[in-house]
Each structure stands twice: as C-alpha cells, then as structure tokens.
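> Input structure: data_15.txt, which contains compact mmCIF, C-alpha atoms.
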```txt
# COMPACT_ATOMS: atom_id res chain seq x y z
CA MET L 20 -21.86 22.39 -33.90
CA ALA L 21 -21.01 18.76 -33.38
CA GLU L 22 -21.42 17.37 -29.92
CA PRO L 23 -18.14 16.50 -28.21
CA ASP L 24 -17.32 12.87 -28.11
CA GLU L 25 -18.26 11.12 -24.91
CA PRO L 26 -15.29 9.92 -22.90
CA SER L 27 -14.37 6.43 -23.85
CA ALA L 28 -14.73 3.65 -21.31
CA PRO L 29 -11.54 2.64 -19.53
CA ARG L 30 -9.68 -0.05 -21.42
CA LYS L 31 -10.26 -3.43 -19.87
CA ARG L 32 -7.08 -5.11 -18.68
CA ASP L 33 -6.71 -8.84 -19.07
CA TYR L 34 -4.82 -10.69 -16.39
CA TYR L 35 -3.04 -13.91 -17.13
CA THR L 36 -4.67 -16.68 -15.14
CA GLY L 37 -1.74 -19.10 -15.01
CA PRO L 38 0.22 -19.95 -11.85
CA GLN L 39 0.81 -16.83 -9.78
CA ALA L 40 1.33 -16.62 -6.04
CA ALA L 41 1.72 -20.39 -5.71
CA ASP L 42 4.87 -20.14 -7.84
CA PHE L 43 6.34 -17.59 -5.45
CA MET L 44 5.27 -19.37 -2.27
CA HIS L 45 6.82 -22.72 -3.17
CA ALA L 46 9.99 -21.54 -4.94
CA ASP L 47 13.14 -21.68 -2.81
CA GLU L 48 15.51 -20.86 -5.70
CA PRO L 49 14.92 -18.68 -8.76
CA PHE L 50 16.10 -20.75 -11.71
CA ALA L 51 13.27 -23.29 -11.62
CA LEU L 52 10.75 -20.47 -11.26
CA PHE L 53 12.31 -18.62 -14.21
CA GLU L 54 12.16 -21.77 -16.33
CA ARG L 55 8.42 -22.17 -15.60
CA TRP L 56 7.76 -18.54 -16.46
CA PHE L 57 9.93 -18.75 -19.58
CA ALA L 58 8.02 -21.84 -20.72
CA ASP L 59 4.78 -19.89 -20.24
CA ALA L 60 6.23 -16.99 -22.23
CA ARG L 61 7.29 -19.23 -25.11
CA GLN L 62 3.74 -20.55 -25.27
CA HIS L 63 1.80 -17.29 -24.81
CA GLU L 64 4.01 -14.30 -25.63
CA VAL L 65 3.33 -13.08 -29.17
CA ASN L 66 6.72 -11.56 -29.99
CA ASP L 67 10.22 -12.72 -29.05
CA PRO L 68 9.76 -14.35 -25.63
CA GLU L 69 13.57 -14.68 -25.61
CA GLY L 70 13.95 -10.89 -25.83
CA MET L 71 15.74 -9.26 -22.91
CA ALA L 72 17.08 -5.79 -22.24
CA VAL L 73 20.76 -5.63 -21.27
CA ALA L 74 21.81 -2.62 -19.19
CA THR L 75 25.44 -1.52 -18.85
CA ALA L 76 27.31 1.67 -17.98
CA ASP L 77 30.11 3.43 -19.85
CA ALA L 78 33.37 4.76 -18.41
CA GLN L 79 31.63 7.97 -17.29
CA GLY L 80 28.86 6.03 -15.54
CA PHE L 81 26.18 6.85 -18.12
CA PRO L 82 23.80 3.91 -18.55
CA ASN L 83 23.10 2.12 -21.81
CA VAL L 84 20.33 -0.38 -22.52
CA ARG L 85 19.44 -2.43 -25.58
CA MET L 86 17.51 -5.57 -26.55
CA VAL L 87 19.17 -8.91 -27.25
CA LEU L 88 17.97 -12.52 -27.35
CA LEU L 89 18.54 -15.07 -24.60
CA LYS L 90 20.27 -18.10 -26.13
CA ALA L 91 20.88 -20.30 -23.08
CA LEU L 92 20.49 -20.54 -19.33
CA ASP L 93 23.45 -22.68 -18.36
CA GLY L 94 27.06 -22.71 -17.23
CA PRO L 95 30.19 -24.87 -16.99
CA GLU L 96 29.29 -25.60 -13.35
CA ARG L 97 25.96 -25.42 -11.54
CA SER L 98 27.19 -22.42 -9.55
CA ASP L 99 28.15 -20.65 -12.80
CA ARG L 100 24.69 -20.97 -14.28
CA GLY L 101 23.68 -17.78 -16.05
CA PHE L 102 21.88 -16.03 -18.89
CA VAL L 103 23.78 -16.29 -22.19
CA PHE L 104 23.65 -14.13 -25.30
CA TYR L 105 26.06 -13.54 -28.20
CA THR L 106 27.38 -10.36 -29.77
CA ASN L 107 30.36 -8.49 -31.18
CA VAL L 108 32.61 -8.02 -28.14
CA GLU L 109 34.03 -4.82 -29.70
CA SER L 110 30.58 -3.21 -29.73
CA ALA L 111 29.53 -0.63 -27.14
CA LYS L 112 27.82 -3.25 -25.01
CA GLY L 113 30.70 -5.68 -25.40
CA SER L 114 33.27 -3.09 -24.36
CA GLU L 115 31.18 -2.01 -21.36
CA LEU L 116 30.54 -5.58 -20.25
CA LEU L 117 34.24 -6.43 -20.41
CA ALA L 118 35.23 -3.24 -18.59
CA SER L 119 32.82 -3.46 -15.66
CA GLY L 120 32.17 -7.19 -15.35
CA LYS L 121 28.61 -6.39 -14.24
CA ALA L 122 25.24 -6.08 -15.97
CA ALA L 123 21.49 -6.02 -15.46
CA LEU L 124 18.81 -7.76 -17.53
CA LEU L 125 15.08 -7.28 -17.91
CA PHE L 126 12.54 -9.69 -19.40
CA HIS L 127 9.12 -8.14 -20.05
CA TRP L 128 6.41 -10.50 -21.23
CA LYS L 129 3.58 -8.09 -21.92
CA SER L 130 1.05 -10.75 -22.92
CA LEU L 131 1.50 -12.42 -19.53
CA ARG L 132 1.92 -9.12 -17.63
CA ARG L 133 5.11 -10.38 -16.06
CA GLN L 134 8.67 -9.19 -15.82
CA VAL L 135 11.92 -10.58 -14.46
CA ARG L 136 14.85 -8.40 -13.43
CA VAL L 137 18.37 -9.81 -13.12
CA ARG L 138 21.63 -8.35 -11.80
CA GLY L 139 24.90 -10.19 -11.86
CA THR L 140 28.49 -10.65 -12.89
CA VAL L 141 29.68 -11.07 -16.46
CA ALA L 142 32.03 -13.57 -18.08
CA THR L 143 32.60 -14.60 -21.67
CA THR L 144 31.55 -18.05 -22.81
CA THR L 145 34.15 -20.60 -23.83
CA GLU L 146 35.41 -20.57 -27.40
CA ALA L 147 33.81 -23.99 -27.91
CA GLU L 148 30.41 -22.63 -26.85
CA ALA L 149 30.76 -19.59 -29.11
CA ASP L 150 31.90 -21.73 -32.05
CA ALA L 151 28.98 -24.13 -31.63
CA TYR L 152 26.38 -21.39 -31.47
CA PHE L 153 27.90 -19.43 -34.37
CA ALA L 154 27.83 -22.56 -36.53
CA SER L 155 24.10 -22.96 -35.78
CA ARG L 156 23.22 -19.51 -37.15
CA ALA L 157 21.82 -18.91 -40.63
CA ARG L 158 24.49 -18.33 -43.27
CA GLY L 159 23.31 -14.76 -43.83
CA SER L 160 23.63 -13.99 -40.11
CA ARG L 161 27.17 -15.38 -40.08
CA ILE L 162 28.09 -13.16 -43.03
CA GLY L 163 26.48 -10.23 -41.22
CA ALA L 164 28.70 -10.81 -38.19
CA TRP L 165 31.76 -10.38 -40.43
CA ALA L 166 30.30 -7.40 -42.30
CA SER L 167 29.18 -5.27 -39.36
CA GLN L 168 31.66 -3.15 -37.40
CA GLN L 169 29.08 -2.95 -34.66
CA SER L 170 28.53 0.41 -32.91
CA ARG L 171 31.04 2.23 -35.14
CA ALA L 172 30.11 5.06 -37.50
CA MET L 173 29.53 4.51 -41.21
CA ALA L 174 28.87 6.90 -44.07
CA GLY L 175 25.60 5.24 -45.02
CA ARG L 176 23.83 1.91 -45.39
CA HIS L 177 25.76 1.26 -48.59
CA ASP L 178 28.86 0.69 -46.42
CA LEU L 179 27.13 -2.19 -44.65
CA GLU L 180 25.65 -3.65 -47.83
CA LYS L 181 29.01 -3.40 -49.61
CA ALA L 182 30.76 -5.20 -46.73
CA ALA L 183 28.09 -7.91 -46.67
CA ALA L 184 28.40 -8.45 -50.43
CA TRP L 185 32.21 -8.57 -50.19
CA HIS L 186 32.15 -11.20 -47.44
CA ALA L 187 29.48 -13.23 -49.23
CA LEU L 188 31.78 -13.36 -52.26
CA LYS L 189 34.82 -14.08 -50.10
CA PHE L 190 33.26 -17.07 -48.36
CA ASN L 191 31.33 -18.17 -51.49
CA VAL L 192 30.29 -21.76 -50.65
CA SER L 193 32.99 -22.36 -48.03
CA ASP L 194 32.36 -22.67 -44.31
CA ILE L 195 32.11 -19.38 -42.42
CA ARG L 196 34.15 -19.51 -39.24
CA ARG L 197 33.41 -17.35 -36.21
CA PRO L 198 35.05 -13.90 -36.25
CA PRO L 199 37.63 -13.49 -33.46
CA TYR L 200 35.72 -10.46 -32.13
CA TRP L 201 32.37 -12.30 -31.86
CA SER L 202 31.55 -14.32 -28.75
CA GLY L 203 29.08 -14.88 -25.96
CA PHE L 204 28.49 -13.34 -22.55
CA ARG L 205 27.10 -15.12 -19.52
CA ILE L 206 25.47 -13.04 -16.76
CA THR L 207 25.58 -15.09 -13.56
CA PRO L 208 23.00 -13.59 -11.23
CA ILE L 209 23.34 -12.48 -7.65
CA GLU L 210 19.78 -11.11 -7.74
CA ILE L 211 16.63 -12.16 -9.62
CA GLU L 212 13.33 -10.36 -9.08
CA PHE L 213 9.94 -11.64 -10.29
CA TRP L 214 7.01 -9.28 -10.84
CA HIS L 215 3.45 -10.21 -11.78
CA ASP L 216 0.72 -7.70 -12.57
CA ARG L 217 -2.34 -7.86 -10.30
CA PRO L 218 -5.54 -5.77 -10.15
CA PHE L 219 -5.47 -2.32 -8.51
CA ARG L 220 -1.66 -2.29 -8.72
CA LEU L 221 -1.43 -4.77 -5.86
CA HIS L 222 1.22 -6.66 -7.80
CA ASP L 223 3.14 -9.75 -6.75
CA ARG L 224 6.84 -8.99 -6.34
CA VAL L 225 9.50 -11.28 -4.89
CA VAL L 226 13.28 -11.12 -5.08
CA PHE L 227 15.98 -13.77 -4.62
CA ARG L 228 19.42 -12.52 -3.53
CA ARG L 229 22.76 -14.09 -2.68
CA ALA L 230 26.10 -12.61 -1.69
CA ASP L 231 28.02 -14.51 -4.38
CA GLN L 232 27.72 -17.58 -6.60
CA ALA L 233 28.62 -19.96 -3.78
CA SER L 234 26.09 -18.55 -1.30
CA PRO L 235 22.51 -19.80 -0.84
CA TRP L 236 19.60 -17.79 -2.15
CA GLU L 237 17.52 -15.67 0.22
CA ARG L 238 13.93 -14.85 -0.76
CA SER L 239 12.09 -11.64 0.14
CA TRP L 240 8.63 -10.29 -0.67
CA LEU L 241 8.57 -6.65 -1.77
CA PHE L 242 5.84 -4.04 -1.70
CA PRO L 243 4.85 -3.24 -5.27
```
Let me see the structure of the file written as structure tokens.


Amino acid sequence: MAEPDEPSAPRKRDYYTGPQAADFMHADEPFALFERWFADARQHEVNDPEGMAVATADAQGFPNVRMVLLKALDGPERSDRGFVFYTNVESAKGSELLASGKAALLFHWKSLRRQVRVRGTVATTTEAEADAYFASRARGSRIGAWASQQSRAMAGRHDLEKAAAWHALKFNVSDIRRPPYWSGFRITPIEIEFWHDRPFRLHDRVVFRRADQASPWERSWLFP
C-alpha cells in the first residue's frame, strides 16, 4: 500500500513592499492616495488594474454585483469628482443605478494585496463626455454597443452575432455614433476605504468619510 502523501508546506505569501502605512499616515484626503495606489496597480497588477466591482440593489432590495472598467476619475467640478465607467443605461445595472442614485465599488489588486471600497451617489456623465469616450472605442466595440440588448433574454448566441453582423453592414465604413441608450455613470464618493494586507491578518485599514460632497473628509483607522 502506498504511503499517504505528507502534508504540503503552507503556501508562502508574498507581501508587496511598496508604500504602506506612510501613505495612510500622511493622507488627509482619499483621492491622492487612490491615485498613488492606482499608479502602483497599473505597474504591478497582472490583469485589468482598472477592473472594479459595481454593487447595486434592485427594486426588491436584492443586491447585484458585476465587474466593469474604470475609465476616469474626474468631474465637472472638484466637488463632483468621481469614478466613471460606461455602459448600456437600459441594462440591469443601468436601471438600478438610475432608480436608486447610489452604488458601491470595489477595487481588488491581488498582486499588491490591496483593496479599495467606495460608496457614493450616482449621476450620468454629460453627453459630450459620453460621445468623446464612445468615439475613442474600437470600431468593433462600438458595433457591439448597438448589437447588444444588454441584460435582456435571447434565444441563443446567434441572435447576438446576427445583430452584430446587421449593424456592421448598416454602418459599413460610415462613422458609428453613440446609441441613445449608452452613456456613462459617475459615482461621487461619500466614503472611501483603503485596505492593505499585512502578516498575521494585522492588516492596515483606514476609511475616509464625509456627510456630502461639500463637506470635508474625516479619516478613521479601523480594526481589521
């Protein structure tokens, strides 16, 4: 009889050695800290450093969450600065965002063992912003925006491929304008929490909160 395998050694965990507590200690507002962490993520994270989970709730209060890509961190005014992404506003997430006016975000940069949680209010971007970003997309992605009735049922993948082929033929070599149901959302935060993995689960965790967009940020350390 074969001898049972010996238990494997615990997997060694690597901890990112970039700026840690010093970032927290000297930050008096969260946007600059986020930008430093995001720059780190774009340099070190292997897959989609722009990826963020967007959490919403439906009319019955059931939560929904899905991944999107951060496209900007800006706003018409400094106080309106927020996290921007683009989507079909008639999709499940679009409908829920428009109905509630609130959302939560999560960035998880596994390679850096960091995460950032955001909660805030929701507004659509301007038409000029949406037009400019849509025009910057690859032609195939623009056709896809017209072809996909996002979140609605279809008989099979052939429905999507047929719609994509039809719109490709329709637009041919002409310019592809933005669909009226496709736009951007900006989540303007009232809370941003930073979390950094540390040995023995003694993690760094700090949160910035404000009552509204016009109020100053207040910083608090949290037990992990």

> Excluding stretch 207-210 of chain L and residues on its chain fewer than 3 positions from it, collect all residues at most 9 Å away from it, counting only C-alpha atoms, and give them as a PyMOL selection string.

chain L and resi 94+98-103+123+136-142+226-232+236

> At a cut-off of 12 Å around the point (31.1, -5.8, -15.1) (file coordinates), what residues fall inside when counting all atoms listed in the file? I'd like the answer as a PyMOL selection string.

chain L and resi 74-78+112-123+138-143+204-208

> Mind checking which residues fall within 6 Å of L:Trp201, counting only C-alpha atoms, ignoring those fewer than 2 positions away in the same chain, and posting them as a ChimeraX atom specification?

/L:106-108,198-199

> Which residue is closest to L:Asp223? Choose from L:Ala157, L:Ala187, L:Ala51, L:Val135 and count only C-alpha atoms.

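For L:Asp223, the nearest of the candidates is L:Val135.
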
> For atom CA of L:Phe126 and atom CA of L:Pro82, quote the distance in Å rounded to one decimal.

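These atoms are spaced 17.7 Å apart.
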
> Residues at most 12 Å from L:Ala183, counting only C-alpha atoms, excluding those fewer than 4 positions away in the same chain, as an NGL selection string?

:L and (158-168 or 176-179 or 187-191)

> For a quick check of understanding, using all atoms listed in the file, which of L:Leu125, L:Leu52, L:Met86, L:Leu92 has the smallest distance to L:Val225?

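When distances to L:Val225 are compared using all atoms listed in the file, the smallest one comes from L:Leu52.
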
> Do you have the atom CA of L:Ala182-atom CA of L:Gln169 distance handy?

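Between atom CA of L:Ala182 and atom CA of L:Gln169 the gap works out to 12.4 Å.
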
> Any chance you could work out the axis-aligned box around stretch 203-206 of chain L, listed atoms only, 8 Å on each side, giving centre and edge lengths in Å to one decimal, as lines of an AutoDock Vina configuration file?


```
center_x = 27.3
center_y = -14.1
center_z = -21.4
size_x = 19.6
size_y = 18.1
size_z = 25.2
```

> Need to verify the contact set: L:Tyr152, 10 Å, only C-alpha atoms, exclusion of same-chain residues closer than 4 positions in sequence. Can you return it as a ChimeraX atom specification?

/L:90,104-105,146-148,156,197,202-203

> Give the answer as one residue: which of L:Ala233, L:Arg238, L:Ala172, L:Ile195 has the shortest atom-to-atom distance to L:Ser155, using all atoms listed in the file?

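With all atoms listed in the file as the atom set, the closest residue is L:Ile195.
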
> To one decimal place, how far is atom CA of L:Glu96 from atom CA of L:Phe53 in Å?

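Atom CA of L:Glu96 sits 18.4 Å away from atom CA of L:Phe53.
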
> May I have the residues within 7 Å of L:Pro243 as a PDB file with C-alpha atoms, in the coordinates of the input, using all atoms listed in the file and disregarding those fewer than 4 positions away in the same chain?


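Output below, filename selection.pdb:
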```pdb
ATOM      1  CA  LEU L 221      -1.430  -4.770  -5.860  1.00  0.00           C
ATOM      2  CA  HIS L 222       1.220  -6.660  -7.800  1.00  0.00           C
ATOM      3  CA  ASP L 223       3.140  -9.750  -6.750  1.00  0.00           C
ATOM      4  CA  ARG L 224       6.840  -8.990  -6.340  1.00  0.00           C
TER       5      ARG L 224
END
```
